>>> print(open('protein_37.pdb').read())   # PDB, C-alpha atoms
ATOM      1  CA  MET A   1      16.507  28.971  -8.429
ATOM      2  CA  LEU A   2      16.729  27.689  -4.870
ATOM      3  CA  MET A   3      18.864  24.654  -4.056
ATOM      4  CA  ARG A   4      16.203  23.611  -1.574
ATOM      5  CA  GLN A   5      13.654  23.205  -4.371
ATOM      6  CA  LEU A   6      16.206  21.450  -6.539
ATOM      7  CA  LYS A   7      16.715  18.905  -3.765
ATOM      8  CA  GLN A   8      12.955  18.449  -3.426
ATOM      9  CA  PHE A   9      12.669  17.815  -7.171
ATOM     10  CA  ILE A  10      15.377  15.145  -7.010
ATOM     11  CA  TYR A  11      13.797  13.396  -4.023
ATOM     12  CA  ILE A  12      10.366  13.279  -5.655
ATOM     13  CA  ALA A  13      11.940  11.867  -8.836
ATOM     14  CA  LYS A  14      13.821   9.271  -6.761
ATOM     15  CA  PHE A  15      10.784   7.998  -4.841
ATOM     16  CA  GLN A  16       8.186   8.736  -7.564
ATOM     17  CA  SER A  17       5.999   9.853  -4.671
ATOM     18  CA  ILE A  18       5.432  13.242  -3.064
ATOM     19  CA  SER A  19       4.407  11.678   0.255
ATOM     20  CA  LYS A  20       7.568   9.531   0.518
ATOM     21  CA  ALA A  21       9.790  12.442  -0.488
ATOM     22  CA  ALA A  22       8.070  14.663   2.089
ATOM     23  CA  ARG A  23       8.827  12.173   4.874
ATOM     24  CA  GLU A  24      12.498  12.029   3.871
ATOM     25  CA  LEU A  25      12.699  15.829   3.769
ATOM     26  CA  PHE A  26      10.869  16.320   7.110
ATOM     27  CA  MET A  27       8.110  18.286   5.354
ATOM     28  CA  SER A  28       4.363  18.018   5.073
ATOM     29  CA  GLN A  29       3.044  16.620   1.805
ATOM     30  CA  GLN A  30       1.029  19.789   1.227
ATOM     31  CA  THR A  31       4.051  22.059   1.708
ATOM     32  CA  LEU A  32       6.208  19.978  -0.634
ATOM     33  CA  SER A  33       3.506  19.861  -3.301
ATOM     34  CA  GLN A  34       3.052  23.646  -3.149
ATOM     35  CA  SER A  35       6.821  24.175  -3.287
ATOM     36  CA  MET A  36       7.055  22.070  -6.456
ATOM     37  CA  GLN A  37       4.198  23.952  -8.074
ATOM     38  CA  ASN A  38       6.043  27.212  -7.360
ATOM     39  CA  PHE A  39       9.257  25.691  -8.748
ATOM     40  CA  GLU A  40       7.488  24.660 -11.947
ATOM     41  CA  LYS A  41       6.137  28.197 -12.330
ATOM     42  CA  LYS A  42       9.663  29.601 -11.996
ATOM     43  CA  LEU A  43      10.965  27.173 -14.608
ATOM     44  CA  GLY A  44       7.998  27.731 -16.898
ATOM     45  CA  ALA A  45       7.645  23.990 -17.443
ATOM     46  CA  GLN A  46       5.988  20.976 -15.841
ATOM     47  CA  LEU A  47       8.325  18.545 -14.050
ATOM     48  CA  PHE A  48       5.902  15.793 -13.059
ATOM     49  CA  ILE A  49       2.761  14.099 -14.242
ATOM     50  CA  ARG A  50       0.623  13.389 -11.200
ATOM     51  CA  THR A  51      -1.271  10.075 -11.217
ATOM     52  CA  LYS A  52      -3.171   7.962  -8.697
ATOM     53  CA  GLN A  53      -0.117   5.689  -8.432
ATOM     54  CA  GLY A  54       2.272   8.563  -7.708
ATOM     55  CA  VAL A  55       4.200  10.933  -9.954
ATOM     56  CA  LYS A  56       6.195  10.463 -13.139
ATOM     57  CA  LEU A  57       8.771  12.740 -14.693
ATOM     58  CA  THR A  58       7.817  14.646 -17.804
ATOM     59  CA  ASP A  59      10.226  14.655 -20.757
ATOM     60  CA  PHE A  60      11.503  18.017 -19.522
ATOM     61  CA  GLY A  61      11.956  16.626 -16.007
ATOM     62  CA  ARG A  62      13.946  13.646 -17.301
ATOM     63  CA  ARG A  63      16.237  15.916 -19.329
ATOM     64  CA  ILE A  64      17.157  18.200 -16.436
ATOM     65  CA  LEU A  65      17.395  15.507 -13.724
ATOM     66  CA  PRO A  66      21.059  14.433 -14.359
ATOM     67  CA  ARG A  67      22.327  18.026 -14.370
ATOM     68  CA  SER A  68      20.215  18.796 -11.283
ATOM     69  CA  GLU A  69      21.742  15.847  -9.400
ATOM     70  CA  LEU A  70      25.245  16.971 -10.370
ATOM     71  CA  MET A  71      24.574  20.556  -9.261
ATOM     72  CA  LEU A  72      23.128  19.439  -5.923
ATOM     73  CA  GLN A  73      26.110  17.137  -5.297
ATOM     74  CA  GLN A  74      28.533  19.983  -5.966
ATOM     75  CA  VAL A  75      26.685  22.256  -3.523
ATOM     76  CA  GLU A  76      26.545  19.544  -0.834
ATOM     77  CA  ASP A  77      30.277  18.855  -1.302
ATOM     78  CA  TYR A  78      30.961  22.565  -0.875
ATOM     79  CA  GLU A  79      28.813  22.726   2.255
ATOM     80  CA  ALA A  80      30.653  19.719   3.676
ATOM     81  CA  PHE A  81      33.964  21.473   2.982
ATOM     82  CA  ILE A  82      32.757  24.606   4.785
ATOM     83  CA  ARG A  83      31.660  22.528   7.789
ATOM     84  CA  GLU A  84      35.054  20.829   7.918
ATOM     85  CA  GLN A  85      36.856  24.172   7.833
ATOM     86  CA  ALA A  86      34.621  25.532  10.592
ATOM     87  CA  ALA A  87      35.204  22.432  12.724
ATOM     88  CA  ASP A  88      38.967  22.650  12.174
ATOM     89  CA  THR A  89      39.068  25.954  14.011
ATOM     90  CA  GLY A  90      38.650  23.903  17.189
ATOM     91  CA  LYS A  91      36.304  26.509  18.631
ATOM     92  CA  LYS A  92      32.899  25.379  19.843
ATOM     93  CA  SER A  93      30.382  28.064  18.905
ATOM     94  CA  MET A  94      26.854  28.446  20.184
ATOM     95  CA  ILE A  95      23.542  29.753  18.868
ATOM     96  CA  LEU A  96      21.377  30.791  21.810
ATOM     97  CA  VAL A  97      17.604  30.323  21.322
ATOM     98  CA  GLU A  98      15.359  32.756  23.222
ATOM     99  CA  GLU A  99      12.373  30.531  24.043
ATOM    100  CA  ASN A 100      11.391  26.875  23.819
ATOM    101  CA  PHE A 101       8.547  27.993  21.527
ATOM    102  CA  LEU A 102      11.153  28.812  18.886
ATOM    103  CA  THR A 103      12.866  25.424  18.766
ATOM    104  CA  PRO A 104      10.215  23.758  16.519
ATOM    105  CA  SER A 105      10.998  26.374  13.860
ATOM    106  CA  ILE A 106      14.517  24.938  13.490
ATOM    107  CA  PRO A 107      14.261  21.976  11.056
ATOM    108  CA  ALA A 108      15.856  18.675  12.063
ATOM    109  CA  ASP A 109      18.363  18.870   9.216
ATOM    110  CA  MET A 110      19.422  22.351  10.384
ATOM    111  CA  ILE A 111      20.124  20.970  13.871
ATOM    112  CA  LEU A 112      22.175  18.182  12.305
ATOM    113  CA  LEU A 113      23.978  20.742  10.157
ATOM    114  CA  ALA A 114      24.847  22.755  13.258
ATOM    115  CA  SER A 115      26.282  19.734  15.089
ATOM    116  CA  LYS A 116      28.469  18.875  12.104
ATOM    117  CA  SER A 117      29.717  22.461  12.039
ATOM    118  CA  ASN A 118      30.944  22.378  15.649
ATOM    119  CA  LEU A 119      27.992  24.542  16.619
ATOM    120  CA  SER A 120      25.650  23.891  19.543
ATOM    121  CA  ILE A 121      22.079  25.166  19.835
ATOM    122  CA  GLU A 122      21.240  26.065  23.424
ATOM    123  CA  LEU A 123      17.972  27.179  25.004
ATOM    124  CA  ALA A 124      17.823  30.419  27.014
ATOM    125  CA  THR A 125      15.300  31.451  29.659
ATOM    126  CA  GLY A 126      14.192  34.597  27.861
ATOM    127  CA  LEU A 127      15.523  37.547  25.907
ATOM    128  CA  THR A 128      17.206  39.066  28.964
ATOM    129  CA  SER A 129      19.492  36.027  29.252
ATOM    130  CA  CYS A 130      20.222  36.256  25.528
ATOM    131  CA  LEU A 131      21.175  39.922  25.741
ATOM    132  CA  SER A 132      23.450  39.220  28.703
ATOM    133  CA  ALA A 133      25.170  36.416  26.766
ATOM    134  CA  LEU A 134      25.781  38.741  23.819
ATOM    135  CA  LYS A 135      27.135  41.428  26.126
ATOM    136  CA  ASP A 136      29.600  39.165  27.931
ATOM    137  CA  LYS A 137      30.582  37.370  24.676
ATOM    138  CA  THR A 138      29.272  33.989  25.822
ATOM    139  CA  CYS A 139      27.715  33.797  22.361
ATOM    140  CA  ASN A 140      27.787  35.848  19.166
ATOM    141  CA  VAL A 141      24.349  35.016  17.767
ATOM    142  CA  VAL A 142      20.878  34.783  19.311
ATOM    143  CA  TYR A 143      17.824  33.280  17.611
ATOM    144  CA  CYS A 144      14.824  35.171  18.945
ATOM    145  CA  PHE A 145      11.503  36.890  18.406
ATOM    146  CA  ARG A 146      12.088  40.434  17.251
ATOM    147  CA  PRO A 147      12.699  42.564  20.374
ATOM    148  CA  THR A 148      10.713  45.733  20.909
ATOM    149  CA  GLU A 149      14.086  47.488  21.259
ATOM    150  CA  LEU A 150      17.240  46.457  19.380
ATOM    151  CA  TYR A 151      19.652  47.787  22.037
ATOM    152  CA  GLY A 152      22.171  48.834  19.375
ATOM    153  CA  LEU A 153      22.386  45.273  18.012
ATOM    154  CA  THR A 154      21.915  44.020  14.459
ATOM    155  CA  TYR A 155      18.663  42.153  13.791
ATOM    156  CA  ILE A 156      18.436  39.789  10.795
ATOM    157  CA  PRO A 157      14.754  38.987  10.099
ATOM    158  CA  LEU A 158      14.013  35.395   9.147
ATOM    159  CA  MET A 159      10.218  35.197   9.000
ATOM    160  CA  LYS A 160       7.128  37.375   9.463
ATOM    161  CA  GLU A 161       3.646  35.872   9.575
ATOM    162  CA  PRO A 162       0.131  36.542  10.900
ATOM    163  CA  GLY A 163       0.098  33.136  12.572
ATOM    164  CA  VAL A 164      -2.627  30.534  12.957
ATOM    165  CA  VAL A 165      -5.610  30.079  15.264
ATOM    166  CA  MET A 166      -5.928  26.781  17.142
ATOM    167  CA  MET A 167      -9.066  25.784  19.005
ATOM    168  CA  ASN A 168     -11.051  22.965  20.489
ATOM    169  CA  ARG A 169     -13.298  21.302  17.883
ATOM    170  CA  HIS A 170     -16.283  22.097  20.131
ATOM    171  CA  HIS A 171     -15.541  25.834  19.996
ATOM    172  CA  PRO A 172     -18.199  27.782  18.029
ATOM    173  CA  LEU A 173     -15.558  29.254  15.688
ATOM    174  CA  SER A 174     -14.493  25.776  14.565
ATOM    175  CA  GLU A 175     -17.467  25.715  12.178
ATOM    176  CA  LYS A 176     -16.053  28.581  10.110
ATOM    177  CA  GLU A 177     -14.127  27.789   6.929
ATOM    178  CA  GLU A 178     -11.665  30.648   7.493
ATOM    179  CA  LEU A 179     -10.977  33.153  10.235
ATOM    180  CA  THR A 180     -10.336  36.877  10.051
ATOM    181  CA  LEU A 181      -9.368  39.207  12.853
ATOM    182  CA  ASP A 182     -12.969  40.393  13.070
ATOM    183  CA  ASP A 183     -14.025  36.819  13.924
ATOM    184  CA  ILE A 184     -11.791  36.670  17.006
ATOM    185  CA  LEU A 185     -11.991  40.221  18.365
ATOM    186  CA  GLY A 186     -14.217  39.287  21.306
ATOM    187  CA  GLU A 187     -12.724  35.862  21.984
ATOM    188  CA  ASP A 188     -10.653  34.854  25.004
ATOM    189  CA  LEU A 189      -7.066  34.403  23.813
ATOM    190  CA  ILE A 190      -4.530  31.846  25.018
ATOM    191  CA  LEU A 191      -1.160  33.335  24.157
ATOM    192  CA  PRO A 192       2.449  32.136  24.095
ATOM    193  CA  HIS A 193       4.534  34.360  26.369
ATOM    194  CA  PHE A 194       7.527  35.992  24.673
ATOM    195  CA  THR A 195       9.393  38.309  27.045
ATOM    196  CA  TYR A 196      10.210  41.738  25.575
ATOM    197  CA  SER A 197       9.323  40.614  22.043
ATOM    198  CA  SER A 198       7.260  42.538  19.494
ATOM    199  CA  PHE A 199       4.483  39.901  19.624
ATOM    200  CA  THR A 200       2.251  41.668  22.162
ATOM    201  CA  THR A 201       2.882  45.067  20.586
ATOM    202  CA  SER A 202       1.982  43.770  17.116
ATOM    203  CA  LEU A 203      -1.167  42.102  18.397
ATOM    204  CA  VAL A 204      -2.307  45.239  20.217
ATOM    205  CA  LYS A 205      -1.668  47.382  17.126
ATOM    206  CA  ILE A 206      -3.769  45.291  14.763
ATOM    207  CA  TYR A 207      -6.573  45.122  17.334
ATOM    208  CA  ALA A 208      -6.361  48.899  17.794
ATOM    209  CA  LYS A 209      -7.082  49.408  14.081
ATOM    210  CA  ARG A 210     -10.536  48.010  14.874
ATOM    211  CA  ASN A 211     -10.893  50.002  18.109
ATOM    212  CA  ALA A 212     -10.476  46.848  20.176
ATOM    213  CA  TYR A 213      -8.006  45.351  22.644
ATOM    214  CA  PRO A 214      -6.963  41.679  22.941
ATOM    215  CA  LYS A 215      -8.863  39.788  25.608
ATOM    216  CA  CYS A 216      -6.263  37.541  27.234
ATOM    217  CA  ALA A 217      -7.447  34.431  29.079
ATOM    218  CA  ALA A 218      -3.937  33.102  29.772
ATOM    219  CA  GLU A 219      -0.309  33.668  28.792
ATOM    220  CA  THR A 220       2.410  31.113  29.454
ATOM    221  CA  HIS A 221       5.851  29.860  28.355
ATOM    222  CA  ASP A 222       4.737  26.241  28.616
ATOM    223  CA  LEU A 223       3.447  24.629  25.420
ATOM    224  CA  SER A 224       1.917  21.680  27.295
ATOM    225  CA  THR A 225      -0.131  24.119  29.399
ATOM    226  CA  LEU A 226      -1.451  25.786  26.255
ATOM    227  CA  ILE A 227      -2.467  22.413  24.813
ATOM    228  CA  GLN A 228      -4.280  21.486  28.026
ATOM    229  CA  MET A 229      -6.182  24.796  27.978
ATOM    230  CA  LEU A 230      -7.310  24.070  24.432
ATOM    231  CA  ARG A 231      -8.475  20.628  25.500
ATOM    232  CA  GLU A 232     -10.559  22.281  28.212
ATOM    233  CA  ASN A 233     -11.929  24.773  25.644
ATOM    234  CA  ILE A 234     -10.841  27.758  27.733
ATOM    235  CA  GLY A 235     -10.117  29.946  24.708
ATOM    236  CA  ILE A 236      -8.394  30.056  21.334
ATOM    237  CA  LEU A 237      -4.649  30.015  20.776
ATOM    238  CA  ILE A 238      -2.851  32.425  18.444
ATOM    239  CA  ALA A 239       0.522  30.930  17.575
ATOM    240  CA  PRO A 240       3.232  30.836  14.879
ATOM    241  CA  SER A 241       2.439  28.372  12.092
ATOM    242  CA  TYR A 242       5.511  26.217  12.773
ATOM    243  CA  LEU A 243       3.858  24.993  15.994
ATOM    244  CA  ILE A 244       1.195  23.119  13.993
ATOM    245  CA  PRO A 245       3.127  19.777  14.030
ATOM    246  CA  SER A 246       2.965  19.891  17.850
ATOM    247  CA  PHE A 247      -0.826  19.705  17.732
ATOM    248  CA  SER A 248      -3.175  16.913  16.737
ATOM    249  CA  ARG A 249      -5.374  17.920  13.818
ATOM    250  CA  GLU A 250      -7.853  15.267  14.903
ATOM    251  CA  GLU A 251      -8.167  16.825  18.354
ATOM    252  CA  PHE A 252      -7.977  20.514  17.450
ATOM    253  CA  LYS A 253      -9.165  22.743  14.626
ATOM    254  CA  ILE A 254      -6.306  24.734  13.108
ATOM    255  CA  GLN A 255      -6.997  27.693  10.820
ATOM    256  CA  PRO A 256      -4.757  30.353   9.217
ATOM    257  CA  LEU A 257      -5.501  33.823  10.519
ATOM    258  CA  LYS A 258      -6.479  36.013   7.573
ATOM    259  CA  THR A 259      -5.003  39.424   8.238
ATOM    260  CA  GLY A 260      -2.761  41.702   6.230
ATOM    261  CA  ASP A 261      -0.573  42.362   9.270
ATOM    262  CA  SER A 262       2.160  40.174  10.706
ATOM    263  CA  ILE A 263       1.897  39.236  14.389
ATOM    264  CA  PHE A 264       4.980  37.052  14.736
ATOM    265  CA  GLU A 265       8.452  38.027  13.584
ATOM    266  CA  TYR A 266      11.581  36.114  14.432
ATOM    267  CA  GLY A 267      15.196  36.105  13.318
ATOM    268  CA  PHE A 268      18.781  36.501  14.518
ATOM    269  CA  LEU A 269      20.262  39.075  16.868
ATOM    270  CA  THR A 270      23.996  39.785  16.856
ATOM    271  CA  GLU A 271      26.437  42.597  17.504
ATOM    272  CA  SER A 272      27.880  42.192  14.015
ATOM    273  CA  TYR A 273      27.160  39.587  11.358
ATOM    274  CA  ASP A 274      30.615  40.098   9.822
ATOM    275  CA  GLU A 275      32.334  39.445  13.159
ATOM    276  CA  ALA A 276      30.415  36.223  13.859
ATOM    277  CA  GLU A 277      32.257  32.910  13.492
ATOM    278  CA  MET A 278      32.209  31.235  10.073
ATOM    279  CA  ASN A 279      30.047  28.341  11.261
ATOM    280  CA  GLU A 280      27.582  30.781  12.844
ATOM    281  CA  ARG A 281      27.236  32.717   9.579
ATOM    282  CA  PHE A 282      26.867  29.434   7.702
ATOM    283  CA  PHE A 283      23.989  28.410   9.985
ATOM    284  CA  ILE A 284      22.263  31.785   9.557
ATOM    285  CA  ASN A 285      22.559  31.581   5.771
ATOM    286  CA  SER A 286      21.303  27.979   5.747
ATOM    287  CA  MET A 287      18.243  28.973   7.776
ATOM    288  CA  MET A 288      17.642  31.948   5.477
ATOM    289  CA  GLU A 289      17.769  29.675   2.435
ATOM    290  CA  TYR A 290      15.411  27.200   4.116
ATOM    291  CA  TYR A 291      12.905  29.992   4.640
ATOM    292  CA  ASN A 292      13.357  31.242   1.056
ATOM    293  CA  LYS A 293      15.482  34.275   1.810
ATOM    294  CA  GLU A 294      19.034  35.400   1.191
ATOM    295  CA  TYR A 295      21.389  37.396   3.370
TER     296      TYR A 295
END
>>> encode(input="protein_37.pdb", output="structure tokens")
Amino acid sequence: MLMRQLKQFIYIAKFQSISKAARELFMSQQTLSQSMQNFEKKLGAQLFIRTKQGVKLTDFGRRILPRSELMLQQVEDYEAFIREQAADTGKKSMILVEENFLTPSIPADMILLASKSNLSIELATGLTSCLSALKDKTCNVVYCFRPTELYGLTYIPLMKEPGVVMMNRHHPLSEKEELTLDDILGEDLILPHFTYSSFTTSLVKIYAKRNAYPKCAAETHDLSTLIQMLRENIGILIAPSYLIPSFSREEFKIQPLKTGDSIFEYGFLTESYDEAEMNERFFINSMMEYYNKEY
């Protein structure tokens, strides 16, 4: 049972509305609804009755709510204690983020958690800067796209995904209900630029399985440039799914890319997890729990 889903259950019960709970939790309504359905499957029981007016607790939901609130409070008290102990060390730690494209994948509550733990999140100008910072001990932990080479460092994977396809609503592919790799093989691609990451290698490999090679129209670090290219219908954008909130669904068509292979992989790079500061390990573990993993 994940504490994240327990918190979601409590918030929905509090507001008697999935949409209101989603806003408080900085989530989309669809994501929260799917998470609760998965939680109910794990429990083997229904928690809510969904109506046009909102949601109501089932008898089972009402019985477990008080114990759930107590459990969540105990966990939050423990987390607060850990943050206090980390802050008491007096040492300001830093998580270095490889690219500005990665920052939207860090939830707002994780950024707040970091600040309360005497931990700053700083943006780097590429993986080379991150590796230099690790080497000279400027930082102990880097948040990055998986490098093509690990350079003797420890990599802790956080998420792997095929990504999504974003396009102008006037693009011919926007009429399709779903997209597979075969649909986009001959299309001009607008790509985020990730220096020395596995992104390009992964993309080339899955194209190669179909005896093809990606046709790149543009590659850039700048998200605003990518958005402008989509507006001008220059090509289609392959991007990680967490970038979706940065785009207007009214202006662009956004589709999951149906492929069995992952294109994007991102996580943490460190010399040694065990030698990282306590607040740094706490942040890593919190992010892992947010993305439904354990480390």
>>> closest_atom_pairs(input="protein_37.pdb", of="stretch 6-39 of chain A", to="stretch 99-114 of chain A", cutoff="12 Å", atoms="only C-alpha atoms", output="Markdown table")
| residue | atom | partner | partner_atom | distance |
| --- | --- | --- | --- | --- |
| A:Arg23 | CA | A:Ala108 | CA | 12.0 |
| A:Glu24 | CA | A:Asp109 | CA | 10.5 |
| A:Leu25 | CA | A:Asp109 | CA | 8.4 |
| A:Phe26 | CA | A:Ala108 | CA | 7.4 |
| A:Met27 | CA | A:Pro107 | CA | 9.2 |
>>> resolve_selection(input="protein_37.pdb", expression="the PyMOL selection byres ((chain A and resi 172) around 12)", output="list in words")
Met167, Asn168, Arg169, His170, His171, Leu173, Ser174, Glu175, Lys176, Glu177, Leu179, Asp183, Ile184, Glu187, Asn233, Gly235, Ile236 and Lys253 of chain A
>>> atom_distance(input="protein_37.pdb", atom1="atom CA of A:Arg63", atom2="atom CA of A:Gln5")
16.8 Å
>>> resolve_selection(input="protein_37.pdb", expression="the PyMOL selection byres ((chain A and resi 95) around 8)", output="PyMOL selection string")
chain A and resi 93-94+96-97+119-122+139-143+280
>>> atom_distance(input="protein_37.pdb", atom1="atom CA of A:Ser202", atom2="atom CA of A:Ile263")
5.3 Å
>>> closest_residue(input="protein_37.pdb", among="A:Glu289, A:Glu149, A:Glu250, A:Glu275", to="A:Lys137", atoms="only C-alpha atoms")
A:Glu275
>>> residues_around(input="protein_37.pdb", residues="A:Gly54", least_positions_apart="6", cutoff="8 Å", atoms="only C-alpha atoms", output="list of chain:residue names")
A:Gln16, A:Ser17, A:Ile18
>>> closest_residue(input="protein_37.pdb", among="A:Leu127, A:Ile156, A:Leu237, A:Ile227", to="A:Asn285", atoms="only C-alpha atoms")
A:Ile156
>>> resolve_selection(input="protein_37.pdb", expression="the PyMOL selection byres ((chain A and resi 45) around 12)", output="VMD selection string")
chain A and resid 36 to 44 46 to 49 57 to 61 63 to 64
